[in-house]
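Notes follow the structure.
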Amino acid sequence: MKKKSKVKALIGDFLIGLSIAIILFIYYPLITVYLFPGQEKVINAEFSIKIPKIKLASPIVKNVDATNEKEYRAALTKGIAHAKGSSFPGTKGVIFLFGHSSDYPWNLTRYNTIFLRLGDLQKNDLVILEKDGKEYKYKVVDKKTVWPNEVKYLSQNGKTQLILQTCTPIGTPFQRLLVFAEPAK
Amino acid sequence: MFKKLIILISVTIIGLSGFIKVAKAEELVISGNGDGSSSQVNVNVQNNTTITQSNDANIQNDVDNTANTGNNEASNNNSDQTSIQTGSVDSQTTVNNENINTNIAESGCCGGPSEANVQISGNGAGSENTVNSDLGTNVTVNQSNIANITNNVTINANTGNNTANNNSGDVRIETGNITAITGIVNKNLNYNNDPVGINKLSYSFKISGNGENSVNKIDFSDLNLVNVNNINIINLINNVLHDLNTGGNSANGNSAMVFIKTGDIKSEIKIENKDINTNIAVLDCCKDPITPPPTPPPPSTPPPPPSSGGPGDGRSDGRSDGGSSGSSIAQAVLGAMLPATGNYLTFLAMIFATLLFMIGIYLRQSSGISPPLFVKAK
């Protein structure tokens with residue numbers, strides 16, 4: 001009877017330990033991002049993004065088909081995706097970039113927290129795009145949480161605009177967070 | 001008895017087709033120019049279309065219906081029995097106001113693809129070649145509908161007010177049965193249907209085979225604007241009065257038994273106001289996705305040519321990353337969903353971990369061993 005209780009207690013301890021390990025594994029990126037924010041990395045890429053406020057620096061994968069999930073999921077393992085058909089810095093029109101805020105738990109610690117803190121951006125925060133060695137500065141003007149089918153915000157309205165997108169709430173693809181920025185004057 | 005009055009129906013249907021026409025098969029080619037030449041093509045095609053539709057309708061329907069089988073009198077009779085029996089007034093009125101002020105503005109959407117082909121090729125070294133093409137469509141639809149409709153229906157029915165006084169025998173007054181049904185239907189008033197569309201356009205751009213140090217530039221814009229303005233005003237008044245009566249019967253001063261029986265009034269008023277001020281504006285733009293400018297082969301020998309000063313991404317050699325300043329971003333995503341950059345598995349993993357934790361706590365508590373195994377009790 002006493003042995004049975006000991007086995008029960010051992011299994012209980014094991015499950016408690018395992019659950020804590022899983023939670024730490026899942027939230028390790030969040031903990032590091034918020035508690036121990038590092039310095040911006042120097043990115044050597046033809047096309048890249050830097051957001052000083054959230055210490056973000058990442059290469060951008062150009063011309064990714066935003067309607068092809070397989071293609072953009074592959075691209076997102078390499079950085080932030082630039083939607084095929086959208087504009088590039090220095091040209092008129094909308095530049096549409098999207099990145100992960102979360103993904104499969106086993107991928108989380110590697111590359112899936114790029115846009116984790118996108119929601120922290122406020123009006124007038126700086127977003128820098130670098131392309132072919134030239135720097136383009138944008139200032140945040142607005143942000144919106146929308147449903148996945150609300151693509152109207154991406155319609156051309158004659159403005160030159162940068163739109164950054166990620167999923168929200170963190171850990172779900174429930175809604176989309178859109179951050180709008182315009183060229184800094 | 002029925003007084004049918006005026007039903008004015010004003011229906012205006014203006015069908016317009018093909019009011020948005022953009023230059024078809026636009027072809028702009030600069031080719032075969034010699035070394036050091038300078039060529040420029042400017043094209044500006046703007047289509048402005050304004051459709052104005054205005055309807056006024058003033059309608060008044062007056063129905064005054066009077067029926068009477070009552071007001072009967074049987075008095076001062078000496079017979080054993082005096083009887084007044086009446087009933088059955090049946091009055092039915094229907095007023096129909098339908099399809100008043102209808103506007104349909106149609107365009108020739110998808111009437112056939114138009115093309116714009118822009119090509120700069122085969123020009124000599126050091127040449128400067130520029131194509132400026134500005135296409136635009138501006139469609140304005142103004143629709144205004146005013147409907148003043150008044151429906152007045154008055155039904156007076158009476159089988160009552162019967163009198164049987166001072167009779168020596170039995171008196172029997174029996175009445176009933178009035179049925180008055182009035183139906184008013186106001187339907188499809190001020191209806192606008194505006195399936196405004198824009199013709200299909202396909203674009204192709206080509207810069208290729210030009211000589212060294214040539215400066216080639218294509219500025220192309222296609223802006224389509226559609227404004228639909230609808231003003232609908234309806235003043236709709238429905239007045240229905242059913243004045244029905246089987247009562248007011250009197251039998252006084254009679255020396256024998258008096259029997260008065262009445263009942264049966266059925267009045268049904270039905271007013272249906274349906275589809276009033278309906279605007280349907282469908283912007284059915286059937287554009288093909290823009291074919292992005294292809295990446296022409298790089299010049300055979302460096303150095304790169306001087307900057308043309310036009311908009312670009314810092315390069316002036318005609319190379320492109322496939323980006324577009326047109327409406328392609330909307331088309332890249334529109335009709336689909338915004339890309340999913342999250343996954344429910346993280347959330348599910350969190351729930352799973354919480355469950356494990358709860359089970360662990362439960363097992364630990366139910367084992368009866370406390371403090372934990374690894375801490376020896378003193």
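Within each chain, counting starts at residue 1; across the structure tokens, chains are named A, B, ... in the order shown, with ligands numbered 1 upward in that order.
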
Excluding stretch 139-146 of chain A and its own-chain neighbours fewer than 4 positions away, which residues fall within 6 Å of it when counting only C-alpha atoms? Please give them as an MDAnalysis selection string. chainID A and resid 123:126 175:182 184

Tell me, counting only C-alpha atoms, for each residue of chain A within 6 Å of chain B, which pair of atoms is nearest and how far apart they are in Å to one decimal, in rows ordered by chain and increasing number, as a Markdown table.
```
| residue | atom | partner | partner_atom | distance |
| --- | --- | --- | --- | --- |
| A:Ser5 | CA | B:Ser367 | CA | 4.6 |
| A:Lys8 | CA | B:Ser367 | CA | 5.7 |
| A:Ala9 | CA | B:Arg364 | CA | 4.7 |
| A:Gly12 | CA | B:Gly360 | CA | 3.8 |
| A:Leu15 | CA | B:Gly360 | CA | 4.8 |
| A:Ile16 | CA | B:Phe357 | CA | 4.7 |
| A:Ser19 | CA | B:Ala353 | CA | 4.5 |
| A:Ala66 | CA | B:Pro339 | CA | 5.8 |
| A:Gly85 | CA | B:Gly323 | CA | 5.2 |
| A:Ser86 | CA | B:Ile329 | CA | 4.5 |
| A:Ser87 | CA | B:Gly323 | CA | 4.5 |
| A:Phe88 | CA | B:Gly323 | CA | 5.9 |
| A:Gly90 | CA | B:Asp313 | CA | 4.8 |
| A:Thr91 | CA | B:Gly312 | CA | 5.3 |
| A:Lys92 | CA | B:Ser325 | CA | 5.1 |
| A:Gly93 | CA | B:Ser325 | CA | 4.7 |
| A:His100 | CA | B:Thr341 | CA | 4.6 |
| A:Ser102 | CA | B:Gly342 | CA | 4.8 |
| A:Asp103 | CA | B:Asn343 | CA | 4.9 |
| A:Tyr104 | CA | B:Leu345 | CA | 5.8 |
| A:Pro105 | CA | B:Thr346 | CA | 5.2 |
| A:Pro148 | CA | B:Leu338 | CA | 5.1 |
| A:Asn149 | CA | B:Met337 | CA | 4.8 |
| A:Val151 | CA | B:Leu334 | CA | 5.7 |
| A:Leu154 | CA | B:Ala330 | CA | 5.5 |
| A:Ser155 | CA | B:Ala330 | CA | 4.7 |
| A:Gln156 | CA | B:Ser327 | CA | 5.5 |
| A:Thr166 | CA | B:Thr341 | CA | 5.7 |
| A:Cys167 | CA | B:Thr341 | CA | 5.3 |
| A:Gly171 | CA | B:Thr346 | CA | 5.1 |
| A:Thr172 | CA | B:Tyr344 | CA | 4.7 |
| A:Pro173 | CA | B:Gly342 | CA | 4.4 |
```

Considering only C-alpha atoms, return as a PDB file with N, CA, C and O atoms, in the first residue's frame whatever protein or nucleic-acid residues lie within 7 Å of B:Ser38, sequence-local ones (same chain, fewer than 6 positions apart) excluded.
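Final output, around_36.pdb:
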```
ATOM      1  N   SER B 127      21.223  55.925 -75.527  1.00  0.00           N
ATOM      2  CA  SER B 127      19.943  56.551 -75.859  1.00  0.00           C
ATOM      3  C   SER B 127      19.123  56.761 -74.583  1.00  0.00           C
ATOM      4  O   SER B 127      19.315  56.074 -73.588  1.00  0.00           O
ATOM      5  N   GLU B 128      18.210  57.724 -74.674  1.00  0.00           N
ATOM      6  CA  GLU B 128      17.311  57.973 -73.539  1.00  0.00           C
ATOM      7  C   GLU B 128      15.894  57.738 -74.019  1.00  0.00           C
ATOM      8  O   GLU B 128      15.429  58.385 -74.963  1.00  0.00           O
ATOM      9  N   ASN B 129      15.205  56.794 -73.393  1.00  0.00           N
ATOM     10  CA  ASN B 129      13.876  56.405 -73.851  1.00  0.00           C
ATOM     11  C   ASN B 129      12.910  56.451 -72.681  1.00  0.00           C
ATOM     12  O   ASN B 129      13.143  55.844 -71.641  1.00  0.00           O
TER      13      ASN B 129
END
```

Residue nearest B:Ala67 - candidates B:Ile207, B:Val43, B:Val89, B:Leu135, atoms counted: only C-alpha atoms: B:Val89

Contacts of B:Asp275 at 9 Å (only C-alpha atoms; same-chain gap of 3+ positions) as an MDAnalysis selection string: chainID B and resid 186:191 278

Could you write out that same residue set with N, CA and C atoms as a compact mmCIF listing (two decimals), in the first residue's frame?
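File produced: result-v1.txt:
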```txt
# COMPACT_ATOMS: atom_id res chain seq x y z
N ASN B 186 -46.86 48.12 -50.04
CA ASN B 186 -45.91 49.10 -50.60
C ASN B 186 -44.58 48.36 -50.78
N LYS B 187 -44.22 48.11 -51.97
CA LYS B 187 -43.09 47.22 -52.21
C LYS B 187 -42.18 47.78 -53.31
N ASN B 188 -40.90 47.56 -53.12
CA ASN B 188 -39.92 48.03 -54.10
C ASN B 188 -40.09 49.51 -54.41
N LEU B 189 -39.99 50.29 -53.37
CA LEU B 189 -40.07 51.74 -53.57
C LEU B 189 -38.65 52.29 -53.51
N ASN B 190 -38.33 53.10 -54.41
CA ASN B 190 -36.97 53.67 -54.50
C ASN B 190 -35.92 52.58 -54.52
N TYR B 191 -35.86 51.91 -55.60
CA TYR B 191 -34.94 50.78 -55.74
C TYR B 191 -33.81 51.16 -56.71
N THR B 278 -33.99 50.78 -51.46
CA THR B 278 -32.98 49.73 -51.60
C THR B 278 -31.91 50.19 -52.58
```

Could you check which of A:Asp13, A:Leu164, A:Val64, A:Glu150 is closest to A:Tyr138, using only C-alpha atoms?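 Among the listed residues, A:Leu164 lies closest to A:Tyr138.
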
Identify which of the residues B:Asn210, B:Asn252, B:Asn97, B:Thr262 lies closest to B:Gln85, counting only C-alpha atoms when measuring atom-to-atom distances.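 Among B:Asn210, B:Asn252, B:Asn97, B:Thr262, it is B:Thr262 that comes nearest to B:Gln85.
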
To test your reading of the structure, identify every residue in stretch 22-195 of chain B that backbone DSSP assigns to strand (DSSP E), and report it as a short mmCIF file (atom, residue, chain, number, x, y, z; two decimals) with N, CA and C atoms, in the first residue's frame.
```cif
data_model
loop_
_atom_site.label_atom_id
_atom_site.label_comp_id
_atom_site.auth_asym_id
_atom_site.auth_seq_id
_atom_site.Cartn_x
_atom_site.Cartn_y
_atom_site.Cartn_z
N GLU B 26 -3.84 49.23 -75.90
CA GLU B 26 -2.87 50.33 -75.86
C GLU B 26 -1.48 49.76 -76.09
N GLU B 27 -0.80 50.21 -77.15
CA GLU B 27 0.52 49.66 -77.44
C GLU B 27 1.52 50.79 -77.61
N LEU B 28 2.48 50.80 -76.74
CA LEU B 28 3.48 51.87 -76.77
C LEU B 28 4.84 51.22 -76.96
N VAL B 29 5.47 51.53 -78.07
CA VAL B 29 6.73 50.86 -78.37
C VAL B 29 7.77 51.92 -78.74
N ILE B 30 8.92 51.85 -78.11
CA ILE B 30 10.07 52.65 -78.54
C ILE B 30 11.15 51.67 -78.91
N SER B 31 11.50 51.61 -80.17
CA SER B 31 12.51 50.63 -80.55
C SER B 31 13.28 51.12 -81.79
N SER B 38 17.21 60.39 -78.33
CA SER B 38 16.35 60.64 -77.18
C SER B 38 14.90 60.52 -77.63
N SER B 39 14.14 59.59 -77.02
CA SER B 39 12.75 59.36 -77.43
C SER B 39 11.84 59.43 -76.22
N GLN B 40 10.69 60.02 -76.44
CA GLN B 40 9.73 60.10 -75.33
C GLN B 40 8.33 59.94 -75.87
N VAL B 41 7.53 59.10 -75.22
CA VAL B 41 6.13 58.92 -75.59
C VAL B 41 5.28 59.27 -74.39
N ASN B 42 4.34 60.20 -74.57
CA ASN B 42 3.42 60.54 -73.48
C ASN B 42 2.00 60.18 -73.90
N VAL B 43 1.33 59.42 -73.09
CA VAL B 43 -0.06 59.04 -73.37
C VAL B 43 -0.89 59.38 -72.15
N ASN B 44 -1.95 60.08 -72.38
CA ASN B 44 -2.85 60.42 -71.27
C ASN B 44 -4.28 60.15 -71.72
N VAL B 45 -4.89 59.10 -71.18
CA VAL B 45 -6.27 58.77 -71.54
C VAL B 45 -7.10 58.79 -70.26
N GLN B 46 -8.01 59.71 -70.19
CA GLN B 46 -8.88 59.80 -69.01
C GLN B 46 -10.33 59.67 -69.47
N ASN B 47 -11.05 58.77 -68.88
CA ASN B 47 -12.47 58.61 -69.19
C ASN B 47 -13.30 59.07 -68.00
N ASN B 48 -14.11 60.07 -68.23
CA ASN B 48 -14.99 60.55 -67.16
C ASN B 48 -16.43 60.27 -67.56
N THR B 49 -17.16 59.58 -66.72
CA THR B 49 -18.55 59.26 -67.01
C THR B 49 -19.41 59.66 -65.82
N THR B 50 -20.45 60.39 -66.09
CA THR B 50 -21.37 60.76 -65.01
C THR B 50 -22.78 60.31 -65.40
N ILE B 51 -23.39 59.56 -64.54
CA ILE B 51 -24.77 59.11 -64.77
C ILE B 51 -25.65 59.76 -63.72
N THR B 52 -26.66 60.44 -64.16
CA THR B 52 -27.58 61.06 -63.20
C THR B 52 -28.99 60.55 -63.46
N GLN B 53 -29.58 59.98 -62.46
CA GLN B 53 -30.94 59.47 -62.58
C GLN B 53 -31.77 60.05 -61.45
N SER B 54 -32.94 60.59 -61.81
CA SER B 54 -33.76 61.25 -60.80
C SER B 54 -35.22 60.87 -61.02
N ASN B 55 -35.89 60.44 -59.97
CA ASN B 55 -37.31 60.06 -60.08
C ASN B 55 -38.12 60.71 -58.98
N ASP B 56 -39.28 61.24 -59.37
CA ASP B 56 -40.24 61.77 -58.39
C ASP B 56 -41.56 61.04 -58.58
N ALA B 57 -42.16 60.58 -57.51
CA ALA B 57 -43.47 59.94 -57.62
C ALA B 57 -44.36 60.47 -56.50
N ASN B 58 -45.53 60.99 -56.89
CA ASN B 58 -46.53 61.44 -55.90
C ASN B 58 -47.76 60.57 -56.07
N ILE B 59 -48.08 59.79 -55.10
CA ILE B 59 -49.19 58.84 -55.22
C ILE B 59 -50.13 59.01 -54.03
N GLN B 60 -51.41 59.13 -54.33
CA GLN B 60 -52.39 59.13 -53.25
C GLN B 60 -53.51 58.15 -53.59
N ASN B 61 -53.72 57.20 -52.72
CA ASN B 61 -54.79 56.22 -52.90
C ASN B 61 -55.87 56.47 -51.85
N ASP B 62 -57.11 56.79 -52.29
CA ASP B 62 -58.23 57.00 -51.36
C ASP B 62 -59.28 55.93 -51.60
N VAL B 63 -59.58 55.15 -50.60
CA VAL B 63 -60.64 54.14 -50.71
C VAL B 63 -61.63 54.41 -49.60
N ASP B 64 -62.89 54.70 -49.99
CA ASP B 64 -63.95 54.96 -49.00
C ASP B 64 -65.06 53.96 -49.25
N ASN B 65 -65.28 53.07 -48.36
CA ASN B 65 -66.20 51.96 -48.60
C ASN B 65 -67.28 51.96 -47.53
N THR B 66 -68.54 52.07 -47.94
CA THR B 66 -69.65 52.08 -46.99
C THR B 66 -70.63 50.95 -47.30
N ALA B 67 -70.93 50.14 -46.33
CA ALA B 67 -71.89 49.05 -46.51
C ALA B 67 -72.87 49.08 -45.35
N ASN B 68 -74.12 48.74 -45.60
CA ASN B 68 -75.11 48.84 -44.53
C ASN B 68 -76.26 47.88 -44.78
N GLN B 81 -95.21 36.94 -33.53
CA GLN B 81 -93.73 37.04 -33.54
C GLN B 81 -93.26 38.10 -34.53
N THR B 82 -92.40 38.95 -34.10
CA THR B 82 -91.77 39.95 -34.97
C THR B 82 -90.28 39.65 -35.02
N SER B 83 -89.77 39.55 -36.20
CA SER B 83 -88.36 39.14 -36.33
C SER B 83 -87.60 40.05 -37.30
N ILE B 84 -86.43 40.48 -36.90
CA ILE B 84 -85.50 41.20 -37.80
C ILE B 84 -84.22 40.38 -37.86
N GLN B 85 -83.88 39.94 -38.99
CA GLN B 85 -82.66 39.12 -39.13
C GLN B 85 -81.77 39.71 -40.22
N VAL B 89 -72.07 41.56 -44.31
CA VAL B 89 -71.42 42.62 -45.09
C VAL B 89 -70.00 42.15 -45.35
N ASP B 90 -69.60 42.07 -46.51
CA ASP B 90 -68.25 41.59 -46.84
C ASP B 90 -67.55 42.66 -47.65
N SER B 91 -66.54 43.25 -47.14
CA SER B 91 -65.85 44.34 -47.85
C SER B 91 -64.38 44.00 -47.96
N GLN B 92 -63.81 44.00 -49.11
CA GLN B 92 -62.38 43.68 -49.29
C GLN B 92 -61.73 44.75 -50.14
N THR B 93 -60.64 45.29 -49.72
CA THR B 93 -59.94 46.36 -50.44
C THR B 93 -58.47 46.01 -50.55
N THR B 94 -57.89 46.17 -51.66
CA THR B 94 -56.45 45.93 -51.83
C THR B 94 -55.81 47.10 -52.55
N VAL B 95 -54.76 47.64 -51.96
CA VAL B 95 -54.00 48.72 -52.60
C VAL B 95 -52.57 48.24 -52.80
N ASN B 96 -52.11 48.32 -53.99
CA ASN B 96 -50.77 47.82 -54.31
C ASN B 96 -49.90 48.94 -54.87
N ASN B 97 -48.86 49.30 -54.18
CA ASN B 97 -47.87 50.24 -54.72
C ASN B 97 -46.57 49.46 -54.89
N GLU B 98 -46.23 49.18 -56.08
CA GLU B 98 -45.08 48.30 -56.30
C GLU B 98 -44.21 48.85 -57.43
N ASN B 99 -42.93 48.65 -57.30
CA ASN B 99 -41.97 49.09 -58.32
C ASN B 99 -42.08 50.59 -58.62
N ILE B 100 -41.97 51.35 -57.58
CA ILE B 100 -42.01 52.81 -57.74
C ILE B 100 -40.58 53.33 -57.69
N ASN B 101 -40.20 54.09 -58.63
CA ASN B 101 -38.85 54.68 -58.70
C ASN B 101 -37.77 53.61 -58.73
N THR B 102 -37.58 53.05 -59.86
CA THR B 102 -36.56 52.01 -60.01
C THR B 102 -35.44 52.52 -60.91
N ASN B 103 -34.24 52.46 -60.40
CA ASN B 103 -33.07 52.86 -61.20
C ASN B 103 -32.16 51.67 -61.39
N ILE B 104 -31.79 51.42 -62.58
CA ILE B 104 -30.79 50.39 -62.83
C ILE B 104 -29.69 51.00 -63.70
N SER B 114 -9.01 44.53 -72.09
CA SER B 114 -8.21 45.54 -72.77
C SER B 114 -6.76 45.28 -72.41
N GLU B 115 -5.91 45.75 -73.25
CA GLU B 115 -4.50 45.47 -73.01
C GLU B 115 -3.69 46.75 -73.07
N ALA B 116 -2.64 46.78 -72.34
CA ALA B 116 -1.67 47.86 -72.45
C ALA B 116 -0.29 47.22 -72.53
N ASN B 117 0.31 47.36 -73.66
CA ASN B 117 1.64 46.79 -73.85
C ASN B 117 2.64 47.93 -74.02
N VAL B 118 3.60 47.96 -73.16
CA VAL B 118 4.61 49.00 -73.22
C VAL B 118 5.96 48.33 -73.43
N GLN B 119 6.65 48.79 -74.41
CA GLN B 119 7.91 48.11 -74.74
C GLN B 119 8.98 49.13 -75.11
N ILE B 120 10.14 48.98 -74.51
CA ILE B 120 11.31 49.76 -74.92
C ILE B 120 12.40 48.75 -75.24
N SER B 121 12.73 48.62 -76.49
CA SER B 121 13.70 47.58 -76.83
C SER B 121 14.50 47.96 -78.07
N GLU B 128 18.21 57.72 -74.67
CA GLU B 128 17.31 57.97 -73.54
C GLU B 128 15.89 57.74 -74.02
N ASN B 129 15.20 56.79 -73.39
CA ASN B 129 13.88 56.41 -73.85
C ASN B 129 12.91 56.45 -72.68
N THR B 130 11.85 57.18 -72.87
CA THR B 130 10.89 57.36 -71.77
C THR B 130 9.47 57.14 -72.28
N VAL B 131 8.69 56.37 -71.54
CA VAL B 131 7.26 56.21 -71.83
C VAL B 131 6.49 56.67 -70.60
N ASN B 132 5.65 57.67 -70.77
CA ASN B 132 4.76 58.10 -69.69
C ASN B 132 3.33 57.78 -70.11
N SER B 133 2.70 56.90 -69.40
CA SER B 133 1.33 56.52 -69.75
C SER B 133 0.44 56.70 -68.54
N ASP B 134 -0.59 57.46 -68.72
CA ASP B 134 -1.48 57.77 -67.60
C ASP B 134 -2.90 57.43 -68.02
N LEU B 135 -3.40 56.29 -67.53
CA LEU B 135 -4.77 55.88 -67.87
C LEU B 135 -5.65 56.09 -66.65
N GLY B 136 -6.86 56.50 -66.88
CA GLY B 136 -7.73 56.71 -65.72
C GLY B 136 -9.20 56.64 -66.10
N THR B 137 -9.97 56.19 -65.16
CA THR B 137 -11.42 56.13 -65.34
C THR B 137 -12.08 56.74 -64.13
N ASN B 138 -13.01 57.61 -64.37
CA ASN B 138 -13.73 58.25 -63.27
C ASN B 138 -15.22 58.12 -63.54
N VAL B 139 -15.88 57.32 -62.75
CA VAL B 139 -17.31 57.10 -62.95
C VAL B 139 -18.08 57.66 -61.76
N THR B 140 -19.06 58.48 -62.05
CA THR B 140 -19.90 59.02 -60.97
C THR B 140 -21.35 58.68 -61.28
N VAL B 141 -22.00 58.03 -60.35
CA VAL B 141 -23.41 57.69 -60.51
C VAL B 141 -24.20 58.46 -59.44
N ASN B 142 -25.06 59.35 -59.90
CA ASN B 142 -25.92 60.10 -58.97
C ASN B 142 -27.35 59.63 -59.16
N GLN B 143 -27.94 59.12 -58.13
CA GLN B 143 -29.32 58.67 -58.24
C GLN B 143 -30.14 59.29 -57.13
N SER B 144 -31.27 59.83 -57.52
CA SER B 144 -32.11 60.48 -56.53
C SER B 144 -33.56 60.06 -56.73
N ASN B 145 -34.19 59.61 -55.69
CA ASN B 145 -35.58 59.16 -55.78
C ASN B 145 -36.40 59.81 -54.69
N ILE B 146 -37.52 60.37 -55.09
CA ILE B 146 -38.43 60.94 -54.09
C ILE B 146 -39.81 60.32 -54.32
N ALA B 147 -40.36 59.72 -53.30
CA ALA B 147 -41.69 59.13 -53.42
C ALA B 147 -42.57 59.65 -52.29
N ASN B 148 -43.66 60.29 -52.66
CA ASN B 148 -44.66 60.72 -51.68
C ASN B 148 -45.89 59.85 -51.87
N ILE B 149 -46.17 58.99 -50.93
CA ILE B 149 -47.28 58.04 -51.08
C ILE B 149 -48.21 58.15 -49.88
N THR B 150 -49.47 58.36 -50.18
CA THR B 150 -50.48 58.41 -49.11
C THR B 150 -51.60 57.42 -49.44
N ASN B 151 -51.87 56.53 -48.54
CA ASN B 151 -52.94 55.56 -48.72
C ASN B 151 -54.02 55.83 -47.66
N ASN B 152 -55.19 56.20 -48.11
CA ASN B 152 -56.31 56.43 -47.18
C ASN B 152 -57.39 55.41 -47.45
N VAL B 153 -57.71 54.56 -46.50
CA VAL B 153 -58.76 53.56 -46.67
C VAL B 153 -59.74 53.71 -45.52
N THR B 154 -60.99 53.96 -45.85
CA THR B 154 -62.03 54.06 -44.81
C THR B 154 -63.15 53.08 -45.14
N ILE B 155 -63.44 52.20 -44.22
CA ILE B 155 -64.51 51.22 -44.41
C ILE B 155 -65.59 51.47 -43.36
N ASN B 156 -66.79 51.76 -43.80
CA ASN B 156 -67.93 51.88 -42.88
C ASN B 156 -68.89 50.74 -43.16
N ALA B 157 -69.16 49.91 -42.19
CA ALA B 157 -70.10 48.80 -42.37
C ALA B 157 -71.07 48.80 -41.20
N ASN B 158 -72.28 48.41 -41.45
CA ASN B 158 -73.27 48.49 -40.38
C ASN B 158 -74.37 47.46 -40.59
N ASP B 170 -93.76 37.97 -29.61
CA ASP B 170 -92.32 37.82 -29.35
C ASP B 170 -91.50 38.64 -30.34
N VAL B 171 -90.40 39.18 -29.89
CA VAL B 171 -89.52 39.97 -30.77
C VAL B 171 -88.15 39.29 -30.87
N ARG B 172 -87.74 39.16 -32.07
CA ARG B 172 -86.42 38.53 -32.28
C ARG B 172 -85.58 39.39 -33.23
N ILE B 173 -84.48 39.89 -32.77
CA ILE B 173 -83.53 40.63 -33.63
C ILE B 173 -82.25 39.82 -33.69
N GLU B 174 -81.86 39.41 -34.80
CA GLU B 174 -80.65 38.59 -34.93
C GLU B 174 -79.77 39.17 -36.03
N ILE B 178 -70.06 40.66 -40.35
CA ILE B 178 -69.38 41.73 -41.09
C ILE B 178 -67.94 41.27 -41.31
N THR B 179 -67.47 41.22 -42.46
CA THR B 179 -66.06 40.90 -42.71
C THR B 179 -65.47 42.02 -43.55
N ALA B 180 -64.48 42.71 -43.08
CA ALA B 180 -63.84 43.79 -43.84
C ALA B 180 -62.34 43.51 -43.89
N ILE B 181 -61.80 43.27 -45.01
CA ILE B 181 -60.36 42.97 -45.14
C ILE B 181 -59.73 44.05 -46.00
N THR B 182 -58.70 44.66 -45.55
CA THR B 182 -58.00 45.70 -46.32
C THR B 182 -56.52 45.33 -46.40
N GLY B 183 -56.00 45.29 -47.53
CA GLY B 183 -54.57 44.99 -47.67
C GLY B 183 -53.87 46.12 -48.41
N ILE B 184 -52.77 46.61 -47.85
CA ILE B 184 -51.97 47.63 -48.54
C ILE B 184 -50.55 47.10 -48.67
N VAL B 185 -50.06 47.05 -49.86
CA VAL B 185 -48.69 46.57 -50.09
C VAL B 185 -47.88 47.70 -50.72
N ASN B 186 -46.86 48.12 -50.04
CA ASN B 186 -45.91 49.10 -50.60
C ASN B 186 -44.58 48.36 -50.78
N LYS B 187 -44.22 48.11 -51.97
CA LYS B 187 -43.09 47.22 -52.21
C LYS B 187 -42.18 47.78 -53.31
N ASN B 188 -40.90 47.56 -53.12
CA ASN B 188 -39.92 48.03 -54.10
C ASN B 188 -40.09 49.51 -54.41
N LEU B 189 -39.99 50.29 -53.37
CA LEU B 189 -40.07 51.74 -53.57
C LEU B 189 -38.65 52.29 -53.51
N ASN B 190 -38.33 53.10 -54.41
CA ASN B 190 -36.97 53.67 -54.50
C ASN B 190 -35.92 52.58 -54.52
N TYR B 191 -35.86 51.91 -55.60
CA TYR B 191 -34.94 50.78 -55.74
C TYR B 191 -33.81 51.16 -56.71
N ASN B 192 -32.59 51.11 -56.23
CA ASN B 192 -31.45 51.42 -57.08
C ASN B 192 -30.55 50.21 -57.20
N ASN B 193 -30.26 49.85 -58.37
CA ASN B 193 -29.33 48.74 -58.59
C ASN B 193 -28.20 49.25 -59.47
N ASP B 194 -27.02 49.28 -58.92
CA ASP B 194 -25.88 49.89 -59.63
C ASP B 194 -24.73 48.91 -59.79
N PRO B 195 -24.87 47.97 -60.66
CA PRO B 195 -23.71 47.08 -60.85
C PRO B 195 -22.65 47.77 -61.70
#
```

Can you tell me which residues surround A:Ser58 at a distance of at most 6 Å, considering only C-alpha atoms, apart from same-chain residues fewer than 3 positions away, and format the answer as number ranges by chain? A: 48-49, 79

With N, CA, C and O atoms retained, write the just-selected residues as a PDB file, in the first residue's frame.
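out01.pdb, freshly written:
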```
ATOM      1  N   SER A  48      16.213  44.129 -45.546  1.00  0.00           N
ATOM      2  CA  SER A  48      16.043  43.805 -44.121  1.00  0.00           C
ATOM      3  C   SER A  48      15.222  44.877 -43.415  1.00  0.00           C
ATOM      4  O   SER A  48      14.951  45.949 -43.959  1.00  0.00           O
ATOM      5  N   ILE A  49      14.825  44.541 -42.200  1.00  0.00           N
ATOM      6  CA  ILE A  49      14.021  45.469 -41.400  1.00  0.00           C
ATOM      7  C   ILE A  49      14.642  45.630 -40.026  1.00  0.00           C
ATOM      8  O   ILE A  49      15.205  44.670 -39.466  1.00  0.00           O
ATOM      9  N   GLY A  79      12.937  34.529 -42.116  1.00  0.00           N
ATOM     10  CA  GLY A  79      12.827  35.929 -41.707  1.00  0.00           C
ATOM     11  C   GLY A  79      11.411  36.424 -41.894  1.00  0.00           C
ATOM     12  O   GLY A  79      10.451  35.668 -41.773  1.00  0.00           O
TER      13      GLY A  79
END
```

Might you pull out every residue within 9 Å of A:Gly133, with only C-alpha atoms counted and same-chain residues fewer than 5 positions away left off, and present them as an NGL selection string? :A and (45-47)

Can you pull out every residue within 8 Å of B:Glu73, counting only C-alpha atoms, but drop anything in the same chain fewer than 4 positions away, and send it as a list in words?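 What passes the distance filter is Ile84, Asn162, Thr163 and Ala164 of chain B.
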
Could you tell me how far atom CA of B:Asn249 lies from atom CA of B:Gly160, in Å and to one decimal?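 So the two atoms, atom CA of B:Asn249 and atom CA of B:Gly160, lie 5.9 Å apart.
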
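Shortest atom-to-atom contact with A:Tyr27 among A:Ile170, A:Phe98, A:Trp147, A:Lys159: A:Ile170, counting only C-alpha atoms.
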